[in-house]
>>> print(open('entry_21.cif').read())   # mmCIF, C-alpha atoms
data_query
#
loop_
_atom_site.label_atom_id
_atom_site.label_comp_id
_atom_site.auth_asym_id
_atom_site.auth_seq_id
_atom_site.Cartn_x
_atom_site.Cartn_y
_atom_site.Cartn_z
CA MET A 212 6.96 -10.54 7.86
CA MET A 213 3.79 -8.82 6.73
CA ILE A 214 4.89 -5.96 4.49
CA LEU A 215 2.65 -3.04 3.58
CA ILE A 216 3.20 -1.95 -0.01
CA ALA A 217 2.84 1.84 -0.11
CA GLY A 218 2.85 4.01 -3.21
CA PRO A 219 0.65 6.16 -5.39
CA TYR A 220 -2.97 5.08 -5.70
CA ARG A 221 -5.11 8.19 -6.10
CA SER A 222 -2.27 10.73 -6.35
CA GLY A 223 -1.68 12.15 -9.80
CA THR A 224 -4.77 10.52 -11.31
CA GLY A 225 -7.18 13.44 -11.32
CA ASP A 226 -9.51 10.84 -9.76
CA ASP A 227 -9.70 8.94 -13.05
CA PRO A 228 -10.80 5.37 -12.16
CA GLU A 229 -8.67 3.84 -14.92
CA LEU A 230 -5.54 5.60 -13.70
CA MET A 231 -6.26 4.54 -10.12
CA ALA A 232 -6.69 0.96 -11.33
CA ARG A 233 -3.31 1.17 -13.08
CA ASN A 234 -1.71 2.48 -9.89
CA LEU A 235 -3.20 -0.42 -7.95
CA GLU A 236 -1.75 -2.81 -10.53
CA ARG A 237 1.70 -1.23 -9.98
CA LEU A 238 1.34 -1.77 -6.23
CA GLU A 239 0.27 -5.36 -6.85
CA GLU A 240 3.34 -6.03 -9.00
CA ALA A 241 5.39 -6.01 -5.79
CA ALA A 242 3.14 -8.60 -4.12
CA TRP A 243 4.59 -11.69 -5.83
CA PRO A 244 8.28 -10.85 -5.17
CA ILE A 245 7.43 -10.21 -1.51
CA PHE A 246 5.53 -13.49 -1.23
CA ARG A 247 8.19 -15.43 -3.14
CA SER A 248 10.73 -14.10 -0.61
CA GLY A 249 8.83 -15.68 2.28
CA HIS A 250 6.69 -12.75 3.41
CA VAL A 251 3.03 -11.71 3.26
CA PRO A 252 2.30 -8.69 1.06
CA MET A 253 -0.42 -6.24 2.08
CA ILE A 254 -1.91 -3.30 0.22
CA GLY A 255 -4.22 -0.94 2.07
CA GLU A 256 -6.64 -0.68 -0.85
CA TRP A 257 -7.21 -4.45 -0.72
CA VAL A 258 -8.88 -3.84 2.63
CA ALA A 259 -10.14 -0.26 2.30
CA LEU A 260 -12.03 -0.56 -0.99
CA PRO A 261 -14.40 -3.35 0.16
CA VAL A 262 -14.93 -1.48 3.45
CA LEU A 263 -15.72 1.66 1.44
CA ARG A 264 -18.30 -0.23 -0.62
CA GLY A 265 -19.80 -1.64 2.58
CA ALA A 266 -20.15 1.91 3.90
CA GLY A 267 -22.11 2.89 0.79
CA GLY A 268 -19.24 4.52 -1.07
CA SER A 269 -18.55 3.76 -4.69
CA SER A 270 -15.10 5.34 -5.12
CA PRO A 271 -12.23 6.91 -3.18
CA VAL A 272 -13.64 10.35 -3.99
CA ASP A 273 -16.85 9.76 -1.99
CA PRO A 274 -17.03 11.81 1.21
CA VAL A 275 -17.06 8.66 3.37
CA ALA A 276 -13.70 7.63 1.89
CA SER A 277 -11.83 10.04 4.15
CA GLU A 278 -13.05 8.00 7.12
CA ILE A 279 -11.80 4.76 5.56
CA MET A 280 -8.84 5.01 3.19
CA TYR A 281 -6.04 6.49 5.34
CA PRO A 282 -7.38 5.05 8.60
CA THR A 283 -7.26 1.55 7.07
CA ALA A 284 -3.56 1.86 6.30
CA GLU A 285 -2.90 3.22 9.77
CA ARG A 286 -4.70 0.25 11.33
CA LEU A 287 -2.89 -2.19 9.06
CA LEU A 288 0.42 -0.76 10.20
CA GLU A 289 -0.42 -1.99 13.70
CA HIS A 290 -0.09 -5.51 12.26
CA CYS A 291 2.62 -5.05 9.64
CA ASP A 292 6.32 -5.62 10.25
CA ALA A 293 7.68 -3.37 7.49
CA VAL A 294 6.77 -1.06 4.61
CA LEU A 295 7.88 -1.17 1.00
CA ARG A 296 7.66 2.40 -0.34
CA LEU A 297 7.35 2.39 -4.11
CA PRO A 298 8.35 5.45 -6.17
CA GLY A 299 5.94 8.26 -6.91
CA GLU A 300 4.33 11.17 -5.19
CA SER A 301 1.74 10.03 -2.66
CA THR A 302 0.50 11.73 0.48
CA GLY A 303 -0.91 8.45 1.81
CA ALA A 304 2.29 6.49 1.18
CA ASP A 305 4.34 9.25 2.82
CA GLN A 306 2.02 9.05 5.81
CA ASP A 307 2.49 5.26 5.93
CA VAL A 308 6.27 5.73 5.96
CA ARG A 309 6.06 8.34 8.72
CA ILE A 310 3.89 6.06 10.88
CA ALA A 311 6.15 3.06 10.22
CA ARG A 312 9.25 5.01 11.24
CA GLU A 313 7.53 6.33 14.37
CA ARG A 314 6.77 2.72 15.30
CA GLY A 315 10.32 1.61 14.55
CA LEU A 316 9.37 -0.49 11.53
CA PRO A 317 11.83 -0.89 8.66
CA VAL A 318 11.02 0.95 5.45
CA TYR A 319 12.40 -0.44 2.20
CA ASP A 320 12.66 1.56 -1.02
CA ARG A 321 13.29 -1.46 -3.25
CA VAL A 322 11.85 -4.94 -3.13
CA GLU A 323 15.40 -6.24 -3.57
CA ASP A 324 16.31 -4.81 -0.15
CA ILE A 325 13.72 -6.90 1.69
CA PRO A 326 15.33 -9.63 3.82
CA GLY A 327 15.30 -12.99 2.06
CA TYR A 328 14.69 -11.43 -1.34
CA ARG A 329 14.68 -14.05 -4.09
CA SER A 330 14.83 -13.06 -7.71
CA ALA A 331 12.62 -14.81 -10.25
#
>>> encode(input="entry_21.cif", output="structure tokens")
Amino acid sequence: MMILIAGPYRSGTGDDPELMARNLERLEEAAWPIFRSGHVPMIGEWVALPVLRGAGGSSPVDPVASEIMYPTAERLLEHCDAVLRLPGESTGADQDVRIARERGLPVYDRVEDIPGYRSA
């Protein structure tokens, strides 16, 4: 399965680039356990941030970001088989979960609940 990892990225950071980078690191911490369990991890920012730069934006607070950040996750969900929703307040992650459920995709709240989960 391709599993979208959804959780806080910009939320709660006050748009501080260092805090956003730390949030991305937290999202990425789930990538290895997902991969080790036989799946392909995906994080929307892995796709959206290079697209944003290509559109002339330099950060998720640029006006063009609204045309890229959430729409990227929505498009990715057309190709993903499930969502892993990590803890923390996040409008974008909540939107990912809503879309996934509308499409009948499973939503996991813990990496350990993903089928085939293998501990370290």
>>> closest_residue(input="entry_21.cif", among="A:Val322, A:Met280, A:Ala311, A:Cys291", to="Pro244 in chain A", atoms="only C-alpha atoms")
A:Val322
>>> atom_distance(input="entry_21.cif", atom1="CA of Gly267 in chain A", atom2="CA of Leu235 in chain A")
21.1 Å
>>> resolve_selection(input="entry_21.cif", expression="the PyMOL selection byres ((chain A and resi 238) around 10)", output="CSV table (one decimal) with C-alpha atoms, in the coordinates of the input")
chain,number,residue,atom,x,y,z
A,215,LEU,CA,2.6,-3.0,3.6
A,216,ILE,CA,3.2,-2.0,0.0
A,217,ALA,CA,2.8,1.8,-0.1
A,218,GLY,CA,2.8,4.0,-3.2
A,219,PRO,CA,0.6,6.2,-5.4
A,220,TYR,CA,-3.0,5.1,-5.7
A,232,ALA,CA,-6.7,1.0,-11.3
A,233,ARG,CA,-3.3,1.2,-13.1
A,234,ASN,CA,-1.7,2.5,-9.9
A,235,LEU,CA,-3.2,-0.4,-8.0
A,236,GLU,CA,-1.8,-2.8,-10.5
A,237,ARG,CA,1.7,-1.2,-10.0
A,239,GLU,CA,0.3,-5.4,-6.8
A,240,GLU,CA,3.3,-6.0,-9.0
A,241,ALA,CA,5.4,-6.0,-5.8
A,242,ALA,CA,3.1,-8.6,-4.1
A,253,MET,CA,-0.4,-6.2,2.1
A,254,ILE,CA,-1.9,-3.3,0.2
A,256,GLU,CA,-6.6,-0.7,-0.8
A,295,LEU,CA,7.9,-1.2,1.0
A,296,ARG,CA,7.7,2.4,-0.3
A,297,LEU,CA,7.4,2.4,-4.1
>>> atom_distance(input="entry_21.cif", atom1="CA of Ala259 in chain A", atom2="CA of Tyr319 in chain A")
22.5 Å
>>> axis_aligned_box(input="entry_21.cif", around="range 238-257 of chain A", padding_each_side="5 Å", output="AutoDock Vina command-line options")
--center_x 1.8 --center_y -8.2 --center_z -2.8 --size_x 27.9 --size_y 25.0 --size_z 22.4
>>> resolve_selection(input="entry_21.cif", expression="the PyMOL selection byres ((chain A and resi 246-250) around 6)", output="number ranges by chain")
A: 212-213, 243-245, 251, 327-329
>>> write_last_selection(input="entry_21.cif", atoms="C-alpha atoms", output="mmCIF file, in the frame of the given file")
data_model
loop_
_atom_site.group_PDB
_atom_site.id
_atom_site.type_symbol
_atom_site.label_atom_id
_atom_site.label_comp_id
_atom_site.auth_asym_id
_atom_site.auth_seq_id
_atom_site.Cartn_x
_atom_site.Cartn_y
_atom_site.Cartn_z
ATOM 1 C CA MET A 212 6.960 -10.540 7.860
ATOM 2 C CA MET A 213 3.790 -8.820 6.730
ATOM 3 C CA TRP A 243 4.590 -11.690 -5.830
ATOM 4 C CA PRO A 244 8.280 -10.850 -5.170
ATOM 5 C CA ILE A 245 7.430 -10.210 -1.510
ATOM 6 C CA VAL A 251 3.030 -11.710 3.260
ATOM 7 C CA GLY A 327 15.300 -12.990 2.060
ATOM 8 C CA TYR A 328 14.690 -11.430 -1.340
ATOM 9 C CA ARG A 329 14.680 -14.050 -4.090
#
>>> atom_distance(input="entry_21.cif", atom1="CA of Ala304 in chain A", atom2="CA of Asp324 in chain A")
18.1 Å
>>> residues_around(input="entry_21.cif", residues="Arg264 in chain A", least_positions_apart="6", cutoff="12 Å", atoms="only C-alpha atoms", output="JSON, numbers by chain")
{"A": [256, 257, 258, 270, 271, 273, 275, 276, 279, 280]}
>>> residues_around(input="entry_21.cif", residues="Glu289 in chain A", least_positions_apart="5", cutoff="12 Å", atoms="all atoms listed in the file", output="VMD selection string")
chain A and resid 213 to 215 282 to 284 294 307 310 to 311 313 to 316
>>> closest_residue(input="entry_21.cif", among="A:Ser277, A:Pro252, A:Ile325, A:Glu229", to="Gly303 in chain A", atoms="all atoms listed in the file")
A:Ser277
>>> decode(input="entry_21.cif", residues="range 291-308 of chain A", atoms="N, CA and C atoms", output="PDB file, in the first residue's frame")
ATOM      1  N   CYS A 291      -3.163   7.047  -3.114  1.00  0.00           N
ATOM      2  CA  CYS A 291      -2.833   6.372  -1.862  1.00  0.00           C
ATOM      3  C   CYS A 291      -3.914   5.357  -1.495  1.00  0.00           C
ATOM      4  N   ASP A 292      -3.496   4.366  -0.718  1.00  0.00           N
ATOM      5  CA  ASP A 292      -4.398   3.296  -0.297  1.00  0.00           C
ATOM      6  C   ASP A 292      -4.864   3.449   1.144  1.00  0.00           C
ATOM      7  N   ALA A 293      -4.207   4.343   1.891  1.00  0.00           N
ATOM      8  CA  ALA A 293      -4.540   4.525   3.307  1.00  0.00           C
ATOM      9  C   ALA A 293      -3.885   5.808   3.800  1.00  0.00           C
ATOM     10  N   VAL A 294      -4.288   6.217   5.001  1.00  0.00           N
ATOM     11  CA  VAL A 294      -3.716   7.391   5.663  1.00  0.00           C
ATOM     12  C   VAL A 294      -3.302   6.992   7.072  1.00  0.00           C
ATOM     13  N   LEU A 295      -2.133   7.449   7.481  1.00  0.00           N
ATOM     14  CA  LEU A 295      -1.707   7.358   8.868  1.00  0.00           C
ATOM     15  C   LEU A 295      -1.838   8.760   9.437  1.00  0.00           C
ATOM     16  N   ARG A 296      -2.740   8.951  10.387  1.00  0.00           N
ATOM     17  CA  ARG A 296      -2.964  10.277  10.995  1.00  0.00           C
ATOM     18  C   ARG A 296      -2.191  10.349  12.300  1.00  0.00           C
ATOM     19  N   LEU A 297      -1.140  11.146  12.299  1.00  0.00           N
ATOM     20  CA  LEU A 297      -0.332  11.331  13.499  1.00  0.00           C
ATOM     21  C   LEU A 297      -0.993  12.348  14.425  1.00  0.00           C
ATOM     22  N   PRO A 298      -0.681  12.294  15.717  1.00  0.00           N
ATOM     23  CA  PRO A 298      -1.305  13.209  16.680  1.00  0.00           C
ATOM     24  C   PRO A 298      -0.943  14.666  16.422  1.00  0.00           C
ATOM     25  N   GLY A 299      -1.824  15.535  16.866  1.00  0.00           N
ATOM     26  CA  GLY A 299      -1.581  16.968  16.795  1.00  0.00           C
ATOM     27  C   GLY A 299      -2.626  17.670  15.959  1.00  0.00           C
ATOM     28  N   GLU A 300      -2.888  18.901  16.348  1.00  0.00           N
ATOM     29  CA  GLU A 300      -3.879  19.702  15.655  1.00  0.00           C
ATOM     30  C   GLU A 300      -3.359  20.072  14.268  1.00  0.00           C
ATOM     31  N   SER A 301      -4.185  19.820  13.259  1.00  0.00           N
ATOM     32  CA  SER A 301      -3.781  20.133  11.891  1.00  0.00           C
ATOM     33  C   SER A 301      -5.002  20.154  10.981  1.00  0.00           C
ATOM     34  N   THR A 302      -5.289  21.316  10.447  1.00  0.00           N
ATOM     35  CA  THR A 302      -6.412  21.452   9.522  1.00  0.00           C
ATOM     36  C   THR A 302      -6.184  20.601   8.287  1.00  0.00           C
ATOM     37  N   GLY A 303      -4.971  20.635   7.744  1.00  0.00           N
ATOM     38  CA  GLY A 303      -4.657  19.865   6.541  1.00  0.00           C
ATOM     39  C   GLY A 303      -4.770  18.370   6.766  1.00  0.00           C
ATOM     40  N   ALA A 304      -4.246  17.889   7.892  1.00  0.00           N
ATOM     41  CA  ALA A 304      -4.323  16.454   8.182  1.00  0.00           C
ATOM     42  C   ALA A 304      -5.773  16.028   8.404  1.00  0.00           C
ATOM     43  N   ASP A 305      -6.557  16.887   9.060  1.00  0.00           N
ATOM     44  CA  ASP A 305      -7.979  16.575   9.243  1.00  0.00           C
ATOM     45  C   ASP A 305      -8.687  16.506   7.893  1.00  0.00           C
ATOM     46  N   GLN A 306      -8.306  17.384   6.992  1.00  0.00           N
ATOM     47  CA  GLN A 306      -8.879  17.369   5.643  1.00  0.00           C
ATOM     48  C   GLN A 306      -8.484  16.080   4.915  1.00  0.00           C
ATOM     49  N   ASP A 307      -7.235  15.657   5.077  1.00  0.00           N
ATOM     50  CA  ASP A 307      -6.779  14.396   4.460  1.00  0.00           C
ATOM     51  C   ASP A 307      -7.611  13.219   4.961  1.00  0.00           C
ATOM     52  N   VAL A 308      -7.859  13.193   6.261  1.00  0.00           N
ATOM     53  CA  VAL A 308      -8.649  12.115   6.863  1.00  0.00           C
ATOM     54  C   VAL A 308     -10.083  12.134   6.322  1.00  0.00           C
TER      55      VAL A 308
END
